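As stored in upload-v7.tsv (TSV, C-alpha atoms):
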```tsv
chain	number	residue	atom	x	y	z
A	19	MET	CA	107.36	121.90	120.77
A	20	ALA	CA	106.97	121.06	117.09
A	21	SER	CA	103.20	121.40	117.37
A	22	ARG	CA	103.61	124.91	118.87
A	23	VAL	CA	105.87	125.99	116.00
A	24	ALA	CA	103.37	124.60	113.49
A	25	LEU	CA	100.52	126.39	115.31
A	26	PHE	CA	102.56	129.63	115.32
A	27	LEU	CA	103.16	129.30	111.57
A	28	ALA	CA	99.51	128.57	110.91
A	29	MET	CA	98.28	131.47	113.05
A	30	CYS	CA	100.77	134.21	112.15
A	31	VAL	CA	102.92	133.55	109.13
A	32	LEU	CA	100.38	132.05	106.71
A	33	PRO	CA	97.82	134.89	107.03
A	34	ALA	CA	100.61	137.43	106.56
A	35	MET	CA	101.73	135.64	103.41
A	36	VAL	CA	98.19	135.58	102.02
A	37	VAL	CA	97.80	139.33	102.63
A	38	ALA	CA	101.17	140.01	100.99
A	39	ILE	CA	100.31	137.95	97.91
A	40	ARG	CA	96.82	139.42	97.38
A	41	PRO	CA	96.93	142.63	95.31
A	42	ALA	CA	95.87	145.79	97.11
A	43	LYS	CA	92.49	147.20	96.13
A	44	ASN	CA	93.27	150.58	94.68
A	45	PRO	CA	90.23	151.71	92.77
A	46	PHE	CA	90.55	153.21	89.33
A	47	CYS	CA	89.12	156.69	89.06
A	48	VAL	CA	87.52	157.45	85.68
A	49	LYS	CA	87.19	161.20	85.13
A	50	GLY	CA	85.60	163.10	82.28
A	51	ARG	CA	83.40	166.01	81.35
A	52	VAL	CA	80.04	166.48	79.60
A	53	TYR	CA	79.27	169.54	77.49
A	54	CYS	CA	76.51	171.11	75.43
A	55	ASP	CA	77.34	172.22	71.89
A	56	PRO	CA	74.93	175.11	71.19
A	57	CYS	CA	76.37	175.62	67.67
A	58	ARG	CA	76.00	171.99	66.53
A	59	ALA	CA	79.64	172.12	65.44
A	60	GLY	CA	80.40	168.57	66.55
A	61	PHE	CA	83.27	169.69	68.79
A	62	GLU	CA	83.92	172.03	71.70
A	63	THR	CA	83.95	175.74	70.83
A	64	THR	CA	84.11	179.00	72.76
A	65	ALA	CA	80.28	178.84	72.97
A	66	THR	CA	80.33	175.40	74.64
A	67	THR	CA	78.79	175.11	78.11
A	68	HIS	CA	79.13	172.23	80.56
A	69	ILE	CA	76.13	170.20	81.68
A	70	ALA	CA	75.39	169.56	85.35
A	71	GLY	CA	73.41	166.41	86.15
A	72	ALA	CA	74.14	164.52	82.92
A	73	GLU	CA	74.01	160.75	83.32
A	74	VAL	CA	77.07	158.82	82.18
A	75	MET	CA	77.62	155.06	82.14
A	76	LEU	CA	80.87	153.12	82.20
A	77	GLN	CA	80.46	149.89	80.25
A	78	CYS	CA	83.01	147.10	79.82
A	79	LYS	CA	82.64	144.30	77.26
A	80	ASP	CA	84.52	141.04	76.89
A	81	LYS	CA	86.90	141.59	73.99
A	82	ASN	CA	86.25	138.12	72.52
A	83	THR	CA	82.47	137.78	72.85
A	84	ASN	CA	81.53	141.50	72.97
A	85	GLU	CA	79.22	140.63	75.89
A	86	VAL	CA	78.65	143.39	78.48
A	87	VAL	CA	80.29	142.21	81.71
A	88	TYR	CA	80.40	145.40	83.80
A	89	THR	CA	78.40	148.63	84.04
A	90	LYS	CA	78.42	151.51	86.48
A	91	LYS	CA	76.59	154.84	86.33
A	92	GLY	CA	77.70	158.32	87.29
A	93	TRP	CA	76.43	161.90	87.05
A	94	SER	CA	78.19	165.15	86.22
A	95	ASP	CA	78.57	167.87	88.84
A	96	SER	CA	77.95	171.62	88.49
A	97	THR	CA	81.09	171.97	86.31
A	98	GLY	CA	80.07	169.13	83.98
A	99	ALA	CA	82.75	166.84	85.47
A	100	TYR	CA	82.03	163.26	86.49
A	101	THR	CA	84.01	160.69	88.45
A	102	ILE	CA	83.30	156.95	88.48
A	103	PHE	CA	85.25	154.66	90.83
A	104	VAL	CA	86.01	151.11	89.65
A	105	ASP	CA	87.43	148.53	92.09
A	106	GLU	CA	88.30	145.78	89.62
A	107	ASP	CA	90.94	145.45	86.94
A	108	HIS	CA	89.40	145.04	83.47
A	109	ALA	CA	92.51	144.00	81.54
A	110	ASP	CA	90.78	141.66	79.09
A	111	GLN	CA	87.84	143.96	78.46
A	112	ILE	CA	87.04	146.96	76.30
A	113	CYS	CA	85.65	149.77	78.46
A	114	ASP	CA	83.88	152.93	77.31
A	115	ALA	CA	82.34	155.87	79.12
A	116	LYS	CA	79.02	156.57	77.39
A	117	LEU	CA	76.44	159.35	77.48
A	118	VAL	CA	73.06	158.25	78.79
A	119	SER	CA	70.97	161.41	79.20
A	120	SER	CA	71.06	165.18	79.54
A	121	PRO	CA	68.87	167.13	81.98
A	122	GLN	CA	68.84	170.14	79.62
A	123	HIS	CA	65.67	170.04	77.53
A	124	ASN	CA	67.29	172.11	74.75
A	125	CYS	CA	70.47	169.99	74.59
A	126	LYS	CA	69.56	166.29	74.55
A	127	GLU	CA	70.91	164.96	71.25
A	128	ALA	CA	74.21	163.10	71.66
A	129	THR	CA	76.90	164.35	69.28
A	130	PRO	CA	77.86	161.54	66.86
A	131	GLY	CA	81.45	160.50	67.49
A	132	ARG	CA	81.51	162.36	70.81
A	133	ASP	CA	78.95	160.20	72.61
A	134	GLN	CA	81.47	157.76	74.11
A	135	ALA	CA	85.12	157.65	75.12
A	136	ARG	CA	87.45	154.63	75.43
A	137	VAL	CA	89.03	154.09	78.86
A	138	ILE	CA	91.81	151.61	79.69
A	139	LEU	CA	91.14	150.02	83.09
A	140	THR	CA	94.13	147.87	83.93
A	141	GLY	CA	97.15	148.30	86.16
A	142	TYR	CA	99.32	146.29	83.77
A	143	ASN	CA	99.95	148.93	81.12
A	144	GLY	CA	102.72	151.09	82.57
A	145	ILE	CA	100.46	153.91	83.80
A	146	ALA	CA	101.55	154.69	87.36
A	147	SER	CA	98.38	156.53	88.39
A	148	ASN	CA	94.98	154.96	88.98
A	149	ASP	CA	93.32	158.04	87.48
A	150	ARG	CA	91.95	157.47	83.98
A	151	PHE	CA	90.83	160.43	81.88
A	152	ALA	CA	88.09	160.03	79.30
A	153	ASN	CA	87.73	162.50	76.43
A	154	ALA	CA	84.96	165.06	76.83
A	155	MET	CA	81.58	163.87	75.57
A	156	GLY	CA	78.85	166.12	74.26
A	157	PHE	CA	75.23	166.75	73.51
A	158	MET	CA	74.04	169.14	70.79
A	159	ALA	CA	71.34	171.77	70.93
A	160	GLN	CA	68.27	171.07	68.80
A	161	GLU	CA	68.93	174.24	66.79
A	162	ALA	CA	72.07	176.32	66.48
A	163	ALA	CA	72.05	179.33	68.79
A	164	SER	CA	72.31	182.88	67.51
A	165	GLY	CA	75.90	184.04	67.28
A	166	CYS	CA	77.21	180.64	66.26
A	167	ALA	CA	78.08	181.80	62.76
A	168	GLU	CA	80.59	184.22	64.27
A	169	VAL	CA	82.01	181.51	66.56
A	170	LEU	CA	82.49	179.09	63.66
A	171	ARG	CA	83.96	181.86	61.48
A	172	GLN	CA	86.78	182.17	64.05
A	173	TYR	CA	87.72	178.56	63.35
A	174	GLU	CA	87.64	179.11	59.58
A	175	GLU	CA	90.03	182.06	59.93
A	176	PHE	CA	92.37	179.95	62.03
A	177	ASP	CA	92.24	177.15	59.47
A	178	ASN	CA	93.00	179.51	56.57
A	179	GLU	CA	96.11	180.83	58.35
A	180	ASN	CA	97.75	177.39	58.23
```

Hey, can you dump this file as structure tokens for me?
Amino acid sequence: MASRVALFLAMCVLPAMVVAIRPAKNPFCVKGRVYCDPCRAGFETTATTHIAGAEVMLQCKDKNTNEVVYTKKGWSDSTGAYTIFVDEDHADQICDAKLVSSPQHNCKEATPGRDQARVILTGYNGIASNDRFANAMGFMAQEAASGCAEVLRQYEEFDNEN
């Protein structure tokens, strides 16, 4: 009788306990957008367009050694939006979404300061959702488009009002 109880525990209870202890795999969902800055303003303007087919890379580095420990690529859709799914928790790592390349021949230069975005990929930070939103990242046109002076003048007027 005792051997049957032990067998029952080994066959039913122990596997259930292991499943209950193991954390569920809920992937993180990194979302962002890629744009083209035709005015070379260094930020999004009313002239900004979104880039379809831009390559983006998620890169995580060990925060002590700065060694790259995780990378995953993604591409933007027709609206310039990208989504990268990550199955693991990266609590002790520094993760950034980074621009890799633009398919637009006239908009290939990454905007300094807007070429990467920090993303926190851990479930131990109080954020209830597994969705993580990266700031928009951008490429600049090789030369400013016509009409950009008027676009940038709008921002000067707004700045002078304050």

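Taking all atoms listed in the file into account, A:Ala135 lies nearest to A:Gly156 out of the set A:Val104, A:Gly156, A:Gln122, A:Asn148.
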
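Nearest residue to A:Pro45 among A:His123, A:Lys81, A:Arg171, A:His108 is A:His108, counting all atoms listed in the file.
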
Tell me which residues come within 12 Å of (78.2, 158.1, 81.7), as a ChimeraX atom specification, counting all atoms listed in the file in the file's coordinates. /A:48-52,71-77,89-94,98-102,113-120,128,133-137,152-156

Could you work out an axis-aligned bounding box for all listed atoms of stretch 86-90 of chain A, with 5 Å added on each of the six sides, and give its centre and edge lengths in Å to one decimal, as AutoDock Vina command-line options?
```
--center_x 79.4 --center_y 146.9 --center_z 82.5 --size_x 12.0 --size_y 19.3 --size_z 18.0
```

From the set A:Val169, A:Cys47, A:Ala59, A:Ala70, which residue has the shortest atom-to-atom contact distance to A:Asp95, counting all atoms listed in the file? A:Ala70

So that I can check the surroundings of A:Cys78, please list as a PyMOL selection string every protein, DNA and RNA residue that reaches within 6 Å of it, counting all atoms listed in the file and ignoring chain neighbours fewer than 4 positions away. chain A and resi 86-88+111-113

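As for atom CA of A:Asp107 and atom CA of A:Arg132, they are spaced 25.2 Å apart.
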
For atom CA of A:Asp149 and atom CA of A:Cys125, the interatomic separation in Å (one decimal): 28.8 Å

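Closest approach to A:Asn44 among A:Phe103, A:Phe151, A:Phe157, A:Tyr142 is made by A:Phe103 (distances from only C-alpha atoms).
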
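Interatomic distance, atom CA of A:Arg58 against atom CA of A:Ala167: 10.7 Å.
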
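The smallest atom-to-atom distance between A:Glu161 and any of A:Glu85, A:Glu127, A:Glu62, A:Asp110, using all atoms listed in the file, is found for A:Glu127.
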
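Counting all atoms listed in the file and comparing A:Ile138, A:Phe61, A:Cys54, A:Gly131, the residue that lies closest to A:Lys79 is A:Ile138.
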
Test item: residues at most 10 Å from A:Gln172, only C-alpha atoms, excluding those fewer than 5 positions along its chain, as a PyMOL selection string: chain A and resi 63-64+166-167+177
